[in-house]
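Next comes protein34.cif, with mmCIF, C-alpha atoms.
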```cif
data_query
#
loop_
_atom_site.label_atom_id
_atom_site.label_comp_id
_atom_site.auth_asym_id
_atom_site.auth_seq_id
_atom_site.Cartn_x
_atom_site.Cartn_y
_atom_site.Cartn_z
CA MET A 28 0.00 0.00 0.00
CA LYS A 29 2.92 2.32 0.60
CA ILE A 30 3.83 2.41 -3.11
CA ILE A 31 0.18 2.72 -4.14
CA ARG A 32 -0.20 5.73 -1.85
CA GLN A 33 3.14 7.30 -2.79
CA TYR A 34 2.49 7.18 -6.56
CA ARG A 35 -1.31 7.62 -6.33
CA LEU A 36 -2.04 4.37 -8.14
CA ALA A 37 -5.21 3.28 -6.34
CA HIS A 38 -7.58 4.20 -9.18
CA ARG A 39 -5.26 2.78 -11.86
CA ILE A 40 -5.03 -0.77 -10.59
CA GLY A 41 -6.67 -3.28 -12.90
CA TYR A 42 -4.99 -6.67 -13.20
CA PHE A 43 -2.39 -8.62 -11.27
CA THR A 44 -0.07 -11.34 -12.45
CA GLY A 45 0.24 -14.31 -10.12
CA ASP A 46 1.28 -17.93 -10.15
CA ASN A 47 -1.04 -20.87 -10.72
CA ASP A 48 -1.34 -21.97 -7.12
CA ALA A 49 -4.89 -23.16 -6.47
CA LYS A 50 -4.79 -21.35 -3.11
CA ASN A 51 -5.00 -18.10 -5.06
CA ASP A 52 -8.40 -19.18 -6.38
CA ALA A 53 -10.02 -20.26 -3.10
CA LYS A 54 -13.09 -18.14 -2.43
CA ASN A 55 -13.89 -16.88 1.05
CA ASP A 56 -11.44 -19.17 2.76
CA ALA A 57 -9.67 -17.49 5.68
CA LYS A 58 -6.92 -20.13 5.64
CA ASN A 59 -6.13 -19.28 2.01
CA ASP A 60 -6.30 -15.50 2.29
CA THR A 61 -3.90 -13.99 -0.23
CA CYS A 62 -2.15 -10.67 -0.58
CA LEU A 63 -4.44 -9.81 -3.48
CA ARG A 64 -7.56 -10.29 -1.35
CA GLN A 65 -6.03 -8.17 1.38
CA LEU A 66 -5.12 -5.48 -1.14
CA ALA A 67 -8.71 -5.47 -2.42
CA VAL A 68 -10.00 -4.93 1.11
CA GLU A 69 -7.56 -2.09 1.80
CA LEU A 70 -8.26 -0.37 -1.53
CA SER A 71 -11.97 -0.59 -0.83
CA HIS A 72 -11.69 0.89 2.67
CA GLU A 73 -9.12 3.56 1.95
CA TYR A 74 -9.98 4.65 -1.61
CA ASP A 75 -13.46 3.21 -2.26
CA VAL A 76 -11.93 1.26 -5.16
CA THR A 77 -13.52 -2.09 -5.90
CA ILE A 78 -11.49 -4.89 -7.46
CA ASP A 79 -12.36 -8.55 -7.67
CA PRO A 80 -9.27 -10.57 -6.71
CA MET A 81 -10.53 -13.59 -8.66
CA SER A 82 -11.26 -11.92 -11.99
CA SER A 83 -8.41 -9.40 -11.75
CA ARG A 84 -5.65 -12.02 -11.48
CA THR A 85 -3.94 -13.21 -14.64
CA ARG A 86 -1.72 -16.25 -14.61
CA CYS A 87 2.01 -15.81 -15.17
CA ALA A 88 2.82 -16.94 -18.72
CA GLY A 89 6.39 -17.83 -17.76
CA HIS A 90 5.12 -20.04 -14.95
CA ILE A 91 2.67 -21.78 -17.30
CA ILE A 92 5.40 -22.41 -19.88
CA ASN A 93 7.80 -23.70 -17.22
CA LEU A 94 5.22 -26.10 -15.78
CA SER A 95 4.28 -27.31 -19.26
CA LEU A 96 7.90 -28.01 -20.18
CA GLN A 97 8.48 -29.84 -16.91
CA ALA A 98 5.41 -31.96 -17.60
CA PHE A 99 6.82 -32.84 -21.01
CA LEU A 100 10.37 -33.50 -19.80
CA LEU A 101 9.48 -35.42 -16.67
CA ALA A 102 6.63 -37.58 -17.96
CA THR A 103 7.25 -41.23 -17.17
CA SER A 104 5.14 -42.48 -20.08
CA GLU A 105 2.86 -41.30 -22.85
CA HIS A 106 -0.10 -42.46 -20.76
CA ALA A 107 1.04 -40.36 -17.76
CA LEU A 108 1.51 -37.31 -19.97
CA GLN A 109 -1.92 -37.73 -21.56
CA ALA A 110 -3.60 -38.17 -18.16
CA ALA A 111 -1.88 -35.03 -16.86
CA ILE A 112 -2.96 -33.02 -19.91
CA GLU A 113 -6.55 -34.20 -19.49
CA ALA A 114 -6.49 -33.26 -15.81
CA ALA A 115 -5.11 -29.82 -16.67
CA GLN A 116 -7.78 -29.25 -19.35
CA ASP A 117 -10.65 -29.99 -16.97
CA GLU A 118 -11.77 -26.45 -16.09
CA ALA A 119 -13.46 -27.61 -12.89
CA ASN A 120 -10.11 -28.98 -11.71
CA ASP A 121 -7.50 -26.24 -11.19
CA VAL A 122 -4.48 -28.49 -11.76
CA THR A 123 -1.54 -28.02 -14.11
CA ALA A 124 -0.16 -30.88 -16.16
CA ALA A 125 3.09 -30.69 -14.19
CA ASN A 126 1.24 -30.91 -10.88
CA ALA A 127 -0.78 -33.89 -12.12
CA LEU A 128 2.40 -35.66 -13.27
CA HIS A 129 4.11 -34.88 -9.97
CA ASP A 130 1.17 -36.36 -8.06
CA GLN A 131 1.22 -39.51 -10.24
CA LEU A 132 4.96 -39.88 -9.80
CA ARG A 133 4.75 -39.41 -6.05
CA ALA A 134 1.91 -41.96 -5.73
CA THR A 135 3.88 -44.53 -7.73
CA THR A 136 7.06 -43.83 -5.81
CA ASP A 137 5.32 -43.97 -2.44
CA GLN A 138 3.71 -47.29 -3.30
CA LYS A 139 6.96 -48.86 -4.54
CA SER A 140 9.03 -47.59 -1.65
CA HIS A 141 6.56 -48.42 1.10
CA ASP A 142 8.71 -51.35 2.24
CA ARG A 143 11.99 -49.51 1.71
CA ARG A 144 11.62 -46.64 4.18
CA LYS A 145 15.39 -46.36 4.74
CA LYS A 146 15.95 -45.09 1.19
CA ARG A 147 16.07 -41.37 0.69
CA HIS A 148 12.63 -40.23 -0.43
CA ASP A 149 13.80 -37.49 -2.80
CA THR A 150 15.99 -39.74 -4.95
CA THR A 151 13.47 -42.53 -5.51
CA GLY A 152 11.30 -40.21 -7.58
CA TRP A 153 14.16 -39.02 -9.76
CA ARG A 154 15.25 -42.55 -10.61
CA SER A 155 11.88 -43.29 -12.14
CA ILE A 156 11.95 -40.48 -14.73
CA GLY A 157 14.36 -41.97 -17.23
CA PRO A 158 17.23 -40.04 -18.83
CA MET A 159 16.50 -36.81 -16.98
CA GLY A 160 16.57 -38.75 -13.71
CA LYS A 161 19.87 -40.36 -14.64
CA LEU A 162 21.35 -36.97 -15.47
CA HIS A 163 20.07 -35.62 -12.15
CA ASN A 164 21.70 -38.54 -10.30
CA ILE A 165 24.99 -37.99 -12.14
CA ALA A 166 24.91 -34.28 -11.26
CA VAL A 167 24.24 -35.08 -7.59
CA PHE A 168 27.07 -37.66 -7.61
CA ILE A 169 29.50 -35.12 -9.08
CA HIS A 170 28.41 -32.35 -6.71
CA ASN A 171 28.81 -34.56 -3.63
CA SER A 172 32.55 -34.97 -4.18
CA THR A 173 35.13 -32.23 -4.56
CA VAL A 174 37.34 -34.66 -6.50
CA HIS A 175 34.57 -35.42 -9.00
CA ASN A 176 33.52 -31.78 -9.16
CA ASP A 177 37.08 -30.65 -9.91
CA ALA A 178 37.46 -33.38 -12.53
CA TRP A 179 34.23 -32.25 -14.19
CA ASP A 180 35.45 -28.64 -14.25
CA ASP A 181 38.73 -29.76 -15.85
CA ILE A 182 36.96 -31.80 -18.54
CA ALA A 183 33.99 -29.55 -19.30
CA GLY A 184 35.47 -26.16 -18.53
CA LYS A 185 32.29 -25.04 -16.79
CA ALA A 186 30.22 -25.95 -13.77
CA LEU A 187 27.68 -28.74 -14.21
CA GLY A 188 24.93 -27.06 -12.23
CA LEU A 189 22.08 -28.88 -10.56
CA ASP A 190 18.39 -28.79 -11.35
CA ASN A 191 16.06 -27.49 -8.67
CA ILE A 192 12.46 -26.41 -8.34
CA THR A 193 13.14 -22.76 -7.58
CA ARG A 194 15.10 -21.89 -10.73
CA TRP A 195 13.08 -22.14 -13.92
CA ASN A 196 16.12 -22.53 -16.15
CA SER A 197 17.99 -25.02 -13.96
CA TRP A 198 17.16 -28.01 -16.22
CA PHE A 199 18.35 -26.01 -19.25
CA ARG A 200 21.63 -25.13 -17.55
CA LEU A 201 22.17 -28.72 -16.47
CA LEU A 202 21.51 -30.03 -20.00
CA ASP A 203 23.55 -27.23 -21.57
CA ALA A 204 26.58 -28.17 -19.46
CA ALA A 205 26.18 -31.95 -19.79
CA ILE A 206 25.34 -32.50 -23.47
CA PRO A 207 28.57 -31.16 -25.04
CA VAL A 208 30.66 -33.38 -22.73
#
```

Mind turning this structure into structure tokens?
Amino acid sequence: MKIIRQYRLAHRIGYFTGDNDAKNDAKNDAKNDTCLRQLAVELSHEYDVTIDPMSSRTRCAGHIINLSLQAFLLATSEHALQAAIEAAQDEANDVTAANALHDQLRATTDQKSHDRRKKRHDTTGWRSIGPMGKLHNIAVFIHNSTVHNDAWDDIAGKALGLDNITRWNSWFRLLDAAIPV
């Protein structure tokens, strides 16, 4: 609100770009109250400006593209990819294809590893996603040893990098470093 007040923007606010989290769509749910809902309340009280947090939010195109590419890259089978796409296309179900694939992968992994509780939970999922999983495991192996990491730097001339969920281009950087070698 400080910036809105300082630059007198209250009557110019129209749309907001946000991620695809289903919590942002929950109506009248105090547990899922978002910044946008709070902003709407404050604008209404302070400036008599009415905005609808649901209809004024646009989804981030970069986030949609990233989730779509992850769904494509991390699909375990054509059937899993098709099921995720169908779930994402169902307008009543606010799920992205990547989220649907992640849920399928987790369910399969949890079922298979039920009797193997001592295994690390995060690596069992990666092993089941084919070549991308193998590349992830190689990157983790290299990063866990200074000897291997130094050897990689000597051979490749650049850091291998490691994929992660918070950097949208982390898979690209990992592939970009690994493929030429």

Next on the checklist: Please compute the CA of Leu94 in chain A-CA of His163 in chain A distance, one decimal, in Å.
Outcome noted: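 We find that CA of Leu94 in chain A and CA of His163 in chain A lie 18.0 Å from each other.
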
Item to check | Spatial neighbours of Val167 in chain A, max dist 12 Å, all atoms listed in the file, sep filter under 2 positions, as a list in words | outcome: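 Once the adjacent positions are removed, what remains is Asp149, Thr150, Trp153, Gly160, Lys161, Leu162, His163, Asn164, Ile165, Ile169, His170, Asn171, Ser172, Thr173, His175, Asn176, Leu187, Gly188, Leu189, Asp190, Asn191 and Leu201 of chain A.
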
Item to check | Between CA of Val174 in chain A and CA of Asp203 in chain A - distance in Å to one decimal | outcome: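 Here the two named atoms are 21.7 Å from each other.
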
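From CA of Trp195 in chain A back to CA of Ala183 in chain A, the distance works out to 22.8 Å.
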
Checklist outcome for this item: Of A:Ala98, A:Tyr34, A:Phe43, A:Ala204, the one nearest to Asp79 in chain A when counting only C-alpha atoms is A:Phe43

Checklist entry - Which residue gives the smallest distance to Arg39 in chain A among A:Leu100, A:Leu63, A:Ala205, A:Leu70, with all atoms listed in the file counted? => result A:Leu70

Checklist outcome for this item: Among A:Met28, A:Cys87, A:Val208, A:Leu36, Ile182 in chain A is approached most closely, using only C-alpha atoms, by A:Val208

Next on the checklist: the PyMOL selection byres ((chain A and resi 78) around 12) - which residues does that actually catch in the file I just gave you? List them as a count of residues only.
Outcome noted: 27

Report, as JSON, the centre and edge lengths in Å (one decimal) of the axis-aligned box enclosing every listed atom of range 84-101 of chain A, padded by 6 Å on each side.
```
{"center_x": 2.4, "center_y": -23.7, "center_z": -16.2, "size_x": 28.0, "size_y": 35.4, "size_z": 21.5}
```
